[in-house]
file upload-v1.txt (compact mmCIF, C-alpha atoms)
# COMPACT_ATOMS: atom_id res chain seq x y z
CA MET G 1404 -6.85 -35.32 0.10
CA SER G 1405 -5.12 -33.00 2.50
CA LEU G 1406 -2.77 -35.60 3.93
CA PRO G 1407 -0.65 -36.05 0.78
CA LEU G 1408 -0.31 -32.29 0.42
CA VAL G 1409 0.91 -31.93 3.98
CA SER G 1410 3.41 -34.74 3.65
CA ALA G 1411 4.69 -33.36 0.37
CA VAL G 1412 5.90 -30.19 2.02
CA LYS G 1413 9.38 -30.88 3.38
CA ALA G 1414 9.96 -29.53 6.85
CA PRO G 1415 13.06 -27.33 7.12
CA ASP G 1416 16.12 -29.13 8.37
CA PRO G 1417 17.15 -27.58 11.70
CA LEU G 1418 20.77 -27.87 10.59
CA ASP G 1419 20.13 -25.66 7.57
CA VAL G 1420 19.13 -22.52 9.49
CA PRO G 1421 20.71 -21.30 12.72
CA ALA G 1422 17.95 -21.15 15.32
CA PRO G 1423 17.14 -17.67 16.64
CA LEU G 1424 17.74 -17.18 20.33
CA ALA G 1425 14.24 -16.19 21.32
CA THR G 1426 14.92 -16.06 25.01
CA ARG G 1427 17.82 -13.58 25.14
CA PRO G 1428 18.25 -11.58 21.93
CA ASN G 1429 17.83 -8.16 23.55
CA THR G 1430 20.48 -8.67 26.22
CA THR G 1431 22.97 -10.30 23.87
CA ILE G 1432 22.57 -7.87 20.99
CA TRP G 1433 22.58 -4.67 22.99
CA VAL G 1434 25.56 -5.71 25.10
CA LEU G 1435 27.46 -6.41 21.88
CA VAL G 1436 26.37 -3.07 20.38
CA VAL G 1437 27.50 -1.12 23.44
CA GLY G 1438 30.66 -3.20 23.72
CA ALA G 1439 31.65 -2.56 20.10
CA GLY G 1440 31.12 1.17 20.62
CA ALA G 1441 33.18 1.12 23.80
CA VAL G 1442 36.06 -0.69 22.07
CA ARG G 1443 35.95 1.83 19.23
CA SER G 1444 36.03 4.72 21.74
CA VAL G 1445 39.52 3.58 22.77
CA GLY G 1446 40.50 2.32 19.32
CA PHE G 1447 43.67 4.41 19.22
CA SER G 1448 45.72 2.04 17.06
CA TYR G 1449 44.45 3.31 13.70
CA PRO G 1450 44.16 7.12 14.12
CA PHE G 1451 47.39 7.45 16.16
CA LEU G 1452 49.58 4.90 14.41
CA SER G 1453 51.12 7.51 12.13
CA TYR G 1454 52.18 9.55 15.19
CA ARG G 1455 53.77 6.47 16.72
CA LEU G 1456 55.68 5.74 13.51
CA ALA G 1457 56.84 9.37 13.30
CA ASP G 1458 58.13 9.15 16.88
CA LEU G 1459 60.24 6.16 15.78
CA GLY G 1460 61.90 8.36 13.17
CA PHE G 1461 60.53 6.58 10.10
CA SER G 1462 60.43 8.46 6.82
CA THR G 1463 57.18 9.60 5.22
CA THR G 1464 57.45 6.92 2.56
CA ARG G 1465 58.01 4.19 5.15
CA ILE G 1466 55.11 5.46 7.27
CA SER G 1467 52.83 5.38 4.23
CA GLY G 1468 53.85 1.81 3.50
CA LEU G 1469 53.23 0.67 7.07
CA LEU G 1470 49.82 2.36 7.11
CA ALA G 1471 49.03 0.54 3.86
CA LEU G 1472 49.93 -2.75 5.57
CA TYR G 1473 47.51 -1.87 8.35
CA GLY G 1474 44.79 -1.25 5.76
CA LEU G 1475 45.61 -4.52 4.01
CA GLY G 1476 45.22 -6.37 7.30
CA TRP G 1477 41.88 -4.63 7.82
CA LEU G 1478 40.65 -5.79 4.42
CA VAL G 1479 41.76 -9.41 4.83
CA GLY G 1480 40.56 -9.50 8.43
CA GLN G 1481 36.97 -8.67 7.50
CA ILE G 1482 36.73 -11.70 5.22
CA LEU G 1483 38.68 -13.93 7.61
CA TRP G 1484 36.59 -13.19 10.71
CA GLY G 1485 33.37 -13.40 8.73
CA ARG G 1486 34.29 -16.82 7.43
CA LEU G 1487 35.41 -18.04 10.85
CA ALA G 1488 32.14 -16.82 12.35
CA ASP G 1489 30.37 -19.31 10.07
CA ALA G 1490 32.91 -22.10 10.55
CA LEU G 1491 33.70 -21.83 14.27
CA GLY G 1492 30.71 -19.99 15.66
CA ARG G 1493 30.01 -16.36 16.55
CA ARG G 1494 31.25 -16.42 20.15
CA ALA G 1495 34.48 -18.29 19.47
CA THR G 1496 35.37 -15.94 16.61
CA LEU G 1497 34.66 -12.69 18.47
CA VAL G 1498 36.44 -13.83 21.62
CA GLY G 1499 39.40 -15.07 19.55
CA ALA G 1500 39.68 -11.83 17.56
CA MET G 1501 39.60 -9.64 20.67
CA THR G 1502 42.16 -11.88 22.36
CA VAL G 1503 44.49 -11.54 19.38
CA ALA G 1504 44.03 -7.76 19.58
CA ALA G 1505 44.86 -7.74 23.29
CA VAL G 1506 48.14 -9.53 22.54
CA THR G 1507 49.11 -7.67 19.36
CA LEU G 1508 48.53 -4.04 20.35
CA PRO G 1509 51.14 -4.01 23.14
CA LEU G 1510 53.60 -5.47 20.64
CA LEU G 1511 52.75 -2.65 18.23
CA ALA G 1512 53.30 -0.16 21.06
CA GLN G 1513 56.79 -1.48 21.84
CA ALA G 1514 58.13 -2.58 18.45
CA THR G 1515 60.88 -0.47 16.94
CA SER G 1516 62.17 -2.38 13.89
CA VAL G 1517 60.44 -2.02 10.55
CA VAL G 1518 59.84 -5.76 10.19
CA THR G 1519 58.27 -6.14 13.64
CA VAL G 1520 56.16 -3.01 13.28
CA GLY G 1521 54.98 -4.14 9.85
CA ALA G 1522 53.94 -7.58 11.09
CA ALA G 1523 52.16 -6.10 14.11
CA ALA G 1524 50.46 -3.50 11.90
CA ILE G 1525 48.99 -6.20 9.63
CA VAL G 1526 47.58 -8.15 12.59
CA ALA G 1527 46.35 -5.00 14.35
CA GLY G 1528 44.58 -3.96 11.15
CA ALA G 1529 42.98 -7.38 10.86
CA VAL G 1530 41.42 -7.17 14.34
CA TYR G 1531 40.58 -3.44 14.30
CA ASP G 1532 37.08 -3.90 12.86
CA ALA G 1533 36.66 -7.61 13.63
CA PRO G 1534 33.41 -7.21 15.62
CA ARG G 1535 31.58 -5.83 12.56
CA PRO G 1536 30.96 -9.06 10.55
CA VAL G 1537 30.49 -11.17 13.69
CA ILE G 1538 27.87 -8.87 15.23
CA SER G 1539 26.16 -8.41 11.85
CA ALA G 1540 25.78 -12.17 11.50
CA THR G 1541 24.58 -12.47 15.10
CA VAL G 1542 21.89 -9.84 14.56
CA ALA G 1543 20.74 -11.64 11.41
CA ASP G 1544 20.62 -14.93 13.37
CA GLU G 1545 18.61 -13.65 16.28
CA ILE G 1546 16.33 -10.92 14.89
CA PRO G 1547 13.90 -12.21 12.26
CA ASP G 1548 12.15 -8.87 11.71
CA ALA G 1549 13.85 -6.80 8.99
CA ALA G 1550 12.72 -3.43 10.37
CA ARG G 1551 14.05 -4.26 13.83
CA ARG G 1552 17.35 -5.44 12.36
CA ALA G 1553 17.68 -2.14 10.51
CA SER G 1554 17.02 -0.19 13.71
CA ILE G 1555 19.65 -2.19 15.61
CA THR G 1556 22.13 -1.74 12.77
CA GLY G 1557 21.52 2.00 12.85
CA TRP G 1558 22.18 2.19 16.57
CA ARG G 1559 25.25 0.00 16.17
CA HIS G 1560 26.79 2.40 13.69
CA PHE G 1561 25.71 5.29 15.92
CA ALA G 1562 27.65 3.75 18.82
CA ILE G 1563 30.69 3.22 16.58
CA ASN G 1564 30.58 6.81 15.29
CA VAL G 1565 30.29 8.20 18.81
CA GLY G 1566 33.15 5.94 19.85
CA ALA G 1567 35.28 7.18 16.96
CA ALA G 1568 34.61 10.78 17.97
CA LEU G 1569 35.64 10.00 21.54
CA THR G 1570 38.80 8.32 20.25
CA GLY G 1571 40.02 11.50 18.62
CA ALA G 1572 39.05 13.72 21.54
CA THR G 1573 40.46 11.59 24.38
CA GLY G 1574 43.49 10.48 22.41
CA GLY G 1575 44.41 14.04 21.56
CA LEU G 1576 44.14 15.08 25.21
CA LEU G 1577 46.06 12.10 26.59
CA ALA G 1578 48.78 11.61 23.96
CA ASP G 1579 51.03 14.42 25.20
CA ARG G 1580 50.64 13.35 28.84
CA THR G 1581 50.88 9.57 28.59
CA GLY G 1582 52.60 9.00 25.25
CA ILE G 1583 51.29 7.04 22.25
CA PRO G 1584 52.31 3.57 23.56
CA ALA G 1585 50.06 4.02 26.60
CA LEU G 1586 47.12 4.63 24.28
CA PHE G 1587 47.80 1.33 22.53
CA TYR G 1588 47.90 -0.47 25.90
CA ALA G 1589 44.51 1.06 26.76
CA ASN G 1590 43.18 -0.18 23.41
CA ALA G 1591 44.46 -3.68 24.22
CA ALA G 1592 42.85 -3.63 27.67
CA ALA G 1593 39.47 -2.68 26.18
CA CYS G 1594 39.70 -5.53 23.67
CA ALA G 1595 40.54 -8.00 26.46
CA LEU G 1596 37.55 -6.80 28.50
CA PHE G 1597 35.26 -7.11 25.47
CA ALA G 1598 36.48 -10.68 24.94
CA VAL G 1599 35.48 -11.54 28.51
CA VAL G 1600 32.08 -9.87 28.14
CA ALA G 1601 31.42 -11.58 24.80
CA HIS G 1602 32.31 -14.95 26.28
CA ARG G 1603 29.81 -14.43 29.09
CA VAL G 1604 26.84 -13.02 27.16
CA MET G 1605 27.05 -14.93 23.88
CA PRO G 1606 25.73 -18.50 24.03
CA PRO G 1607 28.00 -21.33 22.89
CA LYS G 1608 26.26 -21.95 19.59
CA PRO G 1609 28.40 -24.21 17.41
CA PRO G 1610 27.94 -23.72 13.67
CA ALA G 1611 25.72 -26.09 11.78
CA PRO G 1612 27.84 -28.73 10.00
CA GLN G 1613 28.05 -27.93 6.31
CA ARG G 1614 27.83 -31.49 5.11
CA HIS G 1615 24.62 -31.20 3.09
CA THR G 1616 24.71 -31.16 -0.67
CA GLY G 1617 24.65 -27.61 -1.95
CA SER G 1618 25.62 -26.03 1.38
CA PRO G 1619 26.86 -22.50 0.70
CA GLY G 1620 30.46 -21.61 1.29
CA VAL G 1621 33.24 -19.44 -0.08
CA GLY G 1622 32.66 -20.70 -3.63
CA SER G 1623 29.00 -19.73 -3.66
CA ALA G 1624 29.81 -16.28 -2.26
CA LEU G 1625 32.44 -15.73 -4.95
CA ARG G 1626 29.87 -16.62 -7.61
CA ASP G 1627 27.13 -14.38 -6.19
CA VAL G 1628 26.94 -11.44 -8.58
CA ARG G 1629 24.60 -9.57 -6.21
CA LEU G 1630 27.22 -9.60 -3.46
CA TRP G 1631 29.94 -8.22 -5.72
CA LEU G 1632 27.68 -5.52 -7.13
CA LEU G 1633 26.92 -4.52 -3.55
CA TRP G 1634 30.63 -4.60 -2.70
CA LEU G 1635 31.54 -2.38 -5.65
CA ALA G 1636 28.72 0.05 -4.90
CA GLY G 1637 29.91 0.09 -1.29
CA VAL G 1638 33.51 0.87 -2.22
CA LEU G 1639 32.45 3.76 -4.45
CA ALA G 1640 30.03 5.14 -1.86
CA LEU G 1641 32.49 4.80 1.03
CA LEU G 1642 35.46 6.37 -0.76
CA PRO G 1643 34.07 9.81 0.20
CA VAL G 1644 33.60 8.59 3.81
CA ALA G 1645 37.25 7.57 3.95
CA GLY G 1646 38.02 10.87 2.25
CA LEU G 1647 36.82 12.67 5.37
CA PHE G 1648 40.06 11.44 6.99
CA SER G 1649 42.35 11.70 3.96
CA ILE G 1650 41.01 14.05 1.27
CA MET G 1651 39.79 16.79 3.60
CA PRO G 1652 43.02 17.10 5.63
CA LEU G 1653 45.01 17.37 2.40
CA LEU G 1654 42.78 20.16 1.12
CA MET G 1655 42.86 22.04 4.41
CA GLN G 1656 46.64 21.77 4.66
CA ARG G 1657 46.87 23.16 1.13
CA GLU G 1658 44.87 26.19 2.31
CA GLY G 1659 47.32 26.68 5.17
CA MET G 1660 44.79 25.82 7.89
CA PRO G 1661 46.01 24.43 11.24
CA ALA G 1662 45.13 21.03 12.64
CA SER G 1663 42.61 22.66 14.96
CA SER G 1664 40.55 23.65 11.93
CA TYR G 1665 40.34 20.03 10.87
CA GLY G 1666 39.28 19.21 14.42
CA TRP G 1667 36.24 21.44 13.96
CA THR G 1668 35.18 19.41 10.94
CA GLN G 1669 35.17 16.33 13.18
CA VAL G 1670 33.10 18.19 15.75
CA ALA G 1671 30.60 19.13 13.04
CA SER G 1672 30.46 15.55 11.81
CA ALA G 1673 29.90 14.19 15.33
CA ALA G 1674 27.18 16.78 16.00
CA ALA G 1675 25.40 15.76 12.79
CA VAL G 1676 25.60 12.09 13.80
CA LEU G 1677 24.07 12.85 17.21
CA THR G 1678 21.32 14.99 15.69
CA LEU G 1679 20.32 12.90 12.68
CA SER G 1680 20.77 9.29 13.80
CA LEU G 1681 17.45 8.96 15.65
CA PRO G 1682 15.14 10.26 12.88
CA LEU G 1683 17.14 8.48 10.18
CA ASN G 1684 17.03 5.18 12.06
CA ARG G 1685 13.25 5.40 12.33
CA TRP G 1686 12.90 6.19 8.64
CA LEU G 1687 15.29 3.43 7.61
CA ALA G 1688 13.41 0.87 9.73
CA ARG G 1689 10.21 1.72 7.85
CA GLN G 1690 11.96 1.57 4.49
CA THR G 1691 13.52 -1.80 5.25
CA ALA G 1692 10.10 -3.30 5.88
CA ARG G 1693 8.79 -2.23 2.47
CA SER G 1694 11.72 -2.14 0.01
CA THR G 1695 14.92 -3.87 -1.05
CA MET G 1696 16.93 -0.83 0.25
CA VAL G 1697 18.81 -0.51 -3.04
CA GLY G 1698 17.15 2.87 -3.69
CA PRO G 1699 18.27 4.37 -0.37
CA LEU G 1700 21.77 2.97 -0.97
CA ALA G 1701 21.94 4.77 -4.33
CA VAL G 1702 20.72 8.03 -2.79
CA SER G 1703 23.26 7.73 0.02
CA SER G 1704 26.07 7.34 -2.50
CA LEU G 1705 25.03 10.57 -4.19
CA ILE G 1706 24.82 12.38 -0.85
CA LEU G 1707 28.27 11.21 0.14
CA GLY G 1708 29.84 12.16 -3.18
CA ALA G 1709 28.23 15.60 -3.16
CA GLY G 1710 28.89 16.23 0.54
CA ILE G 1711 32.59 15.44 0.68
CA GLY G 1712 33.04 16.57 -2.93
CA SER G 1713 31.86 20.07 -1.97
CA ALA G 1714 35.01 20.35 0.15
CA GLY G 1715 36.89 20.87 -3.13
CA LEU G 1716 35.24 24.30 -3.36
CA ALA G 1717 35.62 25.22 0.32
CA THR G 1718 37.93 28.03 1.43
CA SER G 1719 37.09 28.43 5.14
CA THR G 1720 36.81 26.23 8.22
CA LEU G 1721 33.05 26.77 8.32
CA GLN G 1722 32.66 25.55 4.73
CA TYR G 1723 34.78 22.45 5.37
CA ALA G 1724 32.76 21.72 8.52
CA ALA G 1725 29.53 22.09 6.54
CA ALA G 1726 30.81 19.61 3.93
CA ALA G 1727 31.63 17.07 6.66
CA ALA G 1728 28.19 17.45 8.25
CA ALA G 1729 26.41 17.24 4.90
CA ALA G 1730 27.88 13.81 4.26
CA VAL G 1731 26.62 12.30 7.54
CA PRO G 1732 23.10 11.39 6.32
CA GLY G 1733 24.66 9.53 3.40
CA GLU G 1734 26.97 7.58 5.69
CA VAL G 1735 24.15 6.53 8.04
CA ILE G 1736 21.87 5.49 5.19
CA ALA G 1737 24.61 3.65 3.29
CA LEU G 1738 25.70 1.48 6.21
CA VAL G 1739 22.17 0.54 7.27
CA ALA G 1740 20.92 -0.04 3.70
CA ALA G 1741 23.91 -2.20 2.77
CA SER G 1742 23.54 -4.28 5.93
CA ALA G 1743 19.87 -4.84 5.10
CA ILE G 1744 20.80 -6.00 1.59
CA VAL G 1745 23.41 -8.38 3.01
CA ASP G 1746 20.77 -9.85 5.32
CA ARG G 1747 18.49 -10.27 2.32
CA ILE G 1748 20.93 -12.08 0.02
CA ALA G 1749 23.11 -14.04 2.47
CA PRO G 1750 22.37 -17.77 2.94
CA PRO G 1751 21.88 -18.55 6.65
CA LEU G 1752 25.06 -20.63 6.78
CA SER G 1753 27.16 -17.86 5.18
CA ARG G 1754 25.95 -14.76 7.00
CA GLY G 1755 29.34 -14.15 8.56
CA LEU G 1756 31.19 -14.53 5.26
CA TYR G 1757 28.80 -12.23 3.39
CA SER G 1758 29.04 -9.62 6.17
CA GLY G 1759 32.82 -9.89 6.08
CA ILE G 1760 33.03 -9.42 2.32
CA TRP G 1761 30.77 -6.40 2.56
CA GLY G 1762 32.83 -5.06 5.48
CA SER G 1763 35.97 -5.28 3.36
CA SER G 1764 34.51 -2.56 1.12
CA LEU G 1765 35.17 0.00 3.86
CA ALA G 1766 38.75 -1.24 4.25
CA THR G 1767 39.21 -1.01 0.47
CA ALA G 1768 37.92 2.56 0.54
CA VAL G 1769 40.30 3.43 3.39
CA ILE G 1770 43.22 2.15 1.30
CA GLY G 1771 42.06 3.76 -1.93
CA ALA G 1772 40.97 7.20 -0.72
CA PRO G 1773 44.47 8.61 0.03
CA VAL G 1774 45.77 7.33 -3.30
CA LEU G 1775 42.82 8.82 -5.17
CA ALA G 1776 43.11 12.10 -3.27
CA GLY G 1777 46.83 12.45 -3.93
CA TRP G 1778 46.45 11.71 -7.63
CA SER G 1779 43.52 14.04 -8.23
CA LEU G 1780 45.12 16.83 -6.21
CA ALA G 1781 48.27 16.57 -8.30
CA GLN G 1782 46.31 16.46 -11.56
CA GLY G 1783 43.90 19.33 -11.12
CA GLY G 1784 43.92 20.87 -7.66
CA PRO G 1785 41.12 21.04 -5.08
CA ALA G 1786 38.29 21.51 -7.57
CA PHE G 1787 39.32 18.35 -9.43
CA VAL G 1788 39.49 16.47 -6.11
CA GLY G 1789 35.91 17.52 -5.45
CA LEU G 1790 34.82 16.45 -8.93
CA VAL G 1791 36.44 13.03 -8.65
CA THR G 1792 34.82 12.51 -5.24
CA LEU G 1793 31.44 13.46 -6.67
CA LEU G 1794 31.94 11.06 -9.59
CA CYS G 1795 32.72 8.23 -7.15
CA GLY G 1796 29.38 8.77 -5.44
CA ALA G 1797 27.57 8.96 -8.77
CA ALA G 1798 29.24 5.75 -9.98
CA GLY G 1799 28.12 3.99 -6.79
CA ALA G 1800 24.54 5.05 -7.51
CA VAL G 1801 24.80 3.74 -11.08
CA ILE G 1802 26.04 0.34 -9.85
CA CYS G 1803 22.85 0.14 -7.78
CA LEU G 1804 20.76 -0.05 -10.96
CA PRO G 1805 21.66 -3.64 -11.95
CA LEU G 1806 21.68 -4.62 -8.28
CA GLY G 1807 18.14 -3.33 -7.92
CA LEU G 1808 17.01 -5.29 -10.97
CA MET G 1809 18.47 -8.50 -9.52
CA LEU G 1810 16.78 -7.94 -6.17
CA ARG G 1811 13.43 -6.85 -7.59
CA PRO G 1812 10.75 -9.09 -6.07
CA THR G 1813 9.02 -11.41 -8.50
CA ARG G 1814 5.61 -12.90 -8.08
CA ALA G 1815 5.87 -16.50 -6.97
CA PRO G 1816 3.84 -18.97 -9.01
CA GLN G 1817 0.74 -20.33 -7.34
CA LEU G 1818 1.60 -23.99 -6.95
CA LEU G 1819 -1.51 -25.11 -5.09
CA ARG G 1820 -4.95 -23.79 -5.93
CA PRO G 1821 -7.78 -24.01 -3.41
CA VAL G 1822 -10.17 -26.87 -4.10
CA HIS G 1823 -13.81 -25.96 -3.58
CA PRO G 1824 -16.23 -28.70 -2.63

call {"tool": "encode", "arguments": {"input": "upload-v1.txt", "output": "structure tokens"}}
result
Amino acid sequence: MSLPLVSAVKAPDPLDVPAPLATRPNTTIWVLVVGAGAVRSVGFSYPFLSYRLADLGFSTTRISGLLALYGLGWLVGQILWGRLADALGRRATLVGAMTVAAVTLPLLAQATSVVTVGAAAIVAGAVYDAPRPVISATVADEIPDAARRASITGWRHFAINVGAALTGATGGLLADRTGIPALFYANAAACALFAVVAHRVMPPKPPAPQRHTGSPGVGSALRDVRLWLLWLAGVLALLPVAGLFSIMPLLMQREGMPASSYGWTQVASAAAVLTLSLPLNRWLARQTARSTMVGPLAVSSLILGAGIGSAGLATSTLQYAAAAAAAVPGEVIALVAASAIVDRIAPPLSRGLYSGIWGSSLATAVIGAPVLAGWSLAQGGPAFVGLVTLLCGAAGAVICLPLGLMLRPTRAPQLLRPVHP
């Protein structure tokens, strides 16, 4: 009687699920994690682009428009690279994106006309965060254990945050000596080196052909309500994160504080990242093994809204620095929890696309935060800015309620009952 039961269970098609690389996941993953952090540490194109545009003599309105084009490229690029990671393979996509960056950034450093700068800004924005969806999909491919994936994701964001802190510090020290264009050339060189490293360490794993009936693709992702609830919750939660670079400077300038005061808020944020990442990563790894991670995502949204929102009541450098540091736990939890949810809901053949769509939530927040900050500051002053930021975090937590209901585990029906002799 057992033979029919065994034959009735269909073995998984090896084309349906990308095979994990059991022999070399540690080397591949950790090289990519360190490489992404290293590229971000010299990622001067985004934080110093406004200085470059000012040196060209562009007006404030024109600079704002060009920065918006950069953000638009960032948003589109996340979805594009995620989709290509599924269609062309992880290695080909990452190597291609970093090669495009190595070619585009020198053009951005030398361009002087508005049209050329605008075109280069769109492409530079598209490749700025390109490793995120590709590495996320690679981790999901190679690491079957959810807790271990969460730990790696936590360290990946730790490396990126440390790299971002180094970008501001080294860029500020070198800009006056070398000029902004030299920083862009250094950014391009780092991307070229990362392309070479990725080509050597990542195996040539072509994507599984999506010729089976019902194979997931862009259409299935667009119809996945869970993904779009996660995206919306992510945008609302990450608006305060983006506000650290847009809302807080506006508030501090309004108080008449110098740029050095804003620099201290970045120091406080970096110190909090260094101090809290290790214990938070351990806690998040345990949570990932036992929950859907929607609860931690909701809590992180509240922390972010309250942390950056408290800057609306700040009047001193110390208070602004405390607001920046208070938001760090929310940022760490949000990024790890959201990545865990993406791993949970993404079909194996669409991991790159799902990661890219989720990654576009950060780009959307980067575009929306300055607009939201400017509007709320004009409407009601600093206190209203803080209130709006807090409401964004609260709204993100509310969006997590239906998402949690959709991801709530259900008891599977018992199809086969044991037969006693």

call {"tool": "closest_atom_pairs", "arguments": {"input": "upload-v1.txt", "of": "stretch 1583-1681 of chain G", "to": "stretch 1559-1578 of chain G", "cutoff": "7 Å", "atoms": "all atoms listed in the file", "output": "tab-separated table"}}
result
residue	atom	partner	partner_atom	distance
G:Ile1583	CA	G:Ala1578	CA	5.5
G:Ala1673	CA	G:Ala1568	CA	6.4
G:Ser1680	CA	G:Phe1561	CA	6.7

call {"tool": "atom_distance", "arguments": {"input": "upload-v1.txt", "atom1": "atom CA of G:Ile1744", "atom2": "atom CA of G:Thr1678"}}
result
25.3 Å

call {"tool": "residues_around", "arguments": {"input": "upload-v1.txt", "residues": "stretch 1682-1695 of chain G", "least_positions_apart": "3", "cutoff": "12 Å", "atoms": "all atoms listed in the file", "output": "tab-separated table (two decimals) with C-alpha atoms, in the coordinates of the input"}}
result
chain	number	residue	atom	x	y	z
G	1547	PRO	CA	13.90	-12.21	12.26
G	1548	ASP	CA	12.15	-8.87	11.71
G	1549	ALA	CA	13.85	-6.80	8.99
G	1550	ALA	CA	12.72	-3.43	10.37
G	1551	ARG	CA	14.05	-4.26	13.83
G	1552	ARG	CA	17.35	-5.44	12.36
G	1553	ALA	CA	17.68	-2.14	10.51
G	1554	SER	CA	17.02	-0.19	13.71
G	1555	ILE	CA	19.65	-2.19	15.61
G	1556	THR	CA	22.13	-1.74	12.77
G	1557	GLY	CA	21.52	2.00	12.85
G	1558	TRP	CA	22.18	2.19	16.57
G	1559	ARG	CA	25.25	0.00	16.17
G	1560	HIS	CA	26.79	2.40	13.69
G	1561	PHE	CA	25.71	5.29	15.92
G	1675	ALA	CA	25.40	15.76	12.79
G	1676	VAL	CA	25.60	12.09	13.80
G	1677	LEU	CA	24.07	12.85	17.21
G	1678	THR	CA	21.32	14.99	15.69
G	1679	LEU	CA	20.32	12.90	12.68
G	1698	GLY	CA	17.15	2.87	-3.69
G	1699	PRO	CA	18.27	4.37	-0.37
G	1700	LEU	CA	21.77	2.97	-0.97
G	1701	ALA	CA	21.94	4.77	-4.33
G	1703	SER	CA	23.26	7.73	0.02
G	1731	VAL	CA	26.62	12.30	7.54
G	1732	PRO	CA	23.10	11.39	6.32
G	1733	GLY	CA	24.66	9.53	3.40
G	1734	GLU	CA	26.97	7.58	5.69
G	1735	VAL	CA	24.15	6.53	8.04
G	1736	ILE	CA	21.87	5.49	5.19
G	1737	ALA	CA	24.61	3.65	3.29
G	1738	LEU	CA	25.70	1.48	6.21
G	1739	VAL	CA	22.17	0.54	7.27
G	1740	ALA	CA	20.92	-0.04	3.70
G	1741	ALA	CA	23.91	-2.20	2.77
G	1742	SER	CA	23.54	-4.28	5.93
G	1743	ALA	CA	19.87	-4.84	5.10
G	1744	ILE	CA	20.80	-6.00	1.59
G	1745	VAL	CA	23.41	-8.38	3.01
G	1746	ASP	CA	20.77	-9.85	5.32
G	1747	ARG	CA	18.49	-10.27	2.32
G	1748	ILE	CA	20.93	-12.08	0.02
G	1803	CYS	CA	22.85	0.14	-7.78
G	1806	LEU	CA	21.68	-4.62	-8.28
G	1807	GLY	CA	18.14	-3.33	-7.92
G	1808	LEU	CA	17.01	-5.29	-10.97
G	1809	MET	CA	18.47	-8.50	-9.52
G	1810	LEU	CA	16.78	-7.94	-6.17
G	1811	ARG	CA	13.43	-6.85	-7.59
G	1812	PRO	CA	10.75	-9.09	-6.07

call {"tool": "residues_around", "arguments": {"input": "upload-v1.txt", "residues": "G:Leu1586", "least_positions_apart": "6", "cutoff": "12 Å", "atoms": "only C-alpha atoms", "output": "PDB file with C-alpha atoms, in the coordinates of the input"}}
result
ATOM      1  CA  SER G1444      36.030   4.720  21.740  1.00  0.00           C
ATOM      2  CA  VAL G1445      39.520   3.580  22.770  1.00  0.00           C
ATOM      3  CA  GLY G1446      40.500   2.320  19.320  1.00  0.00           C
ATOM      4  CA  PHE G1447      43.670   4.410  19.220  1.00  0.00           C
ATOM      5  CA  SER G1448      45.720   2.040  17.060  1.00  0.00           C
ATOM      6  CA  TYR G1449      44.450   3.310  13.700  1.00  0.00           C
ATOM      7  CA  PRO G1450      44.160   7.120  14.120  1.00  0.00           C
ATOM      8  CA  PHE G1451      47.390   7.450  16.160  1.00  0.00           C
ATOM      9  CA  LEU G1452      49.580   4.900  14.410  1.00  0.00           C
ATOM     10  CA  TYR G1454      52.180   9.550  15.190  1.00  0.00           C
ATOM     11  CA  ARG G1455      53.770   6.470  16.720  1.00  0.00           C
ATOM     12  CA  LEU G1508      48.530  -4.040  20.350  1.00  0.00           C
ATOM     13  CA  PRO G1509      51.140  -4.010  23.140  1.00  0.00           C
ATOM     14  CA  LEU G1511      52.750  -2.650  18.230  1.00  0.00           C
ATOM     15  CA  ALA G1512      53.300  -0.160  21.060  1.00  0.00           C
ATOM     16  CA  GLN G1513      56.790  -1.480  21.840  1.00  0.00           C
ATOM     17  CA  THR G1570      38.800   8.320  20.250  1.00  0.00           C
ATOM     18  CA  GLY G1571      40.020  11.500  18.620  1.00  0.00           C
ATOM     19  CA  THR G1573      40.460  11.590  24.380  1.00  0.00           C
ATOM     20  CA  GLY G1574      43.490  10.480  22.410  1.00  0.00           C
ATOM     21  CA  GLY G1575      44.410  14.040  21.560  1.00  0.00           C
ATOM     22  CA  LEU G1576      44.140  15.080  25.210  1.00  0.00           C
ATOM     23  CA  LEU G1577      46.060  12.100  26.590  1.00  0.00           C
ATOM     24  CA  ALA G1578      48.780  11.610  23.960  1.00  0.00           C
ATOM     25  CA  ASP G1579      51.030  14.420  25.200  1.00  0.00           C
ATOM     26  CA  ARG G1580      50.640  13.350  28.840  1.00  0.00           C
ATOM     27  CA  ALA G1592      42.850  -3.630  27.670  1.00  0.00           C
ATOM     28  CA  ALA G1593      39.470  -2.680  26.180  1.00  0.00           C
TER      29      ALA G1593
END

call {"tool": "atom_distance", "arguments": {"input": "upload-v1.txt", "atom1": "atom CA of G:Leu1707", "atom2": "atom CA of G:Ala1797"}}
result
9.2 Å

call {"tool": "atom_distance", "arguments": {"input": "upload-v1.txt", "atom1": "atom CA of G:Trp1484", "atom2": "atom CA of G:Val1503"}}
result
11.8 Å

call {"tool": "closest_residue", "arguments": {"input": "upload-v1.txt", "among": "G:Leu1472, G:Leu1653, G:Ala1749, G:Leu1487", "to": "G:Ala1527", "atoms": "only C-alpha atoms"}}
result
G:Leu1472

call {"tool": "closest_atom_pairs", "arguments": {"input": "upload-v1.txt", "of": "stretch 1569-1662 of chain G", "to": "stretch 1763-1770 of chain G", "cutoff": "6 Å", "atoms": "only C-alpha atoms", "output": "CSV"}}
result
residue,atom,partner,partner_atom,distance
G:Trp1634,CA,G:Ser1764,CA,5.8
G:Gly1637,CA,G:Ser1764,CA,5.8
G:Val1638,CA,G:Ser1764,CA,4.9
G:Leu1641,CA,G:Ala1768,CA,5.9
G:Leu1642,CA,G:Ala1768,CA,4.7
G:Ala1645,CA,G:Val1769,CA,5.2
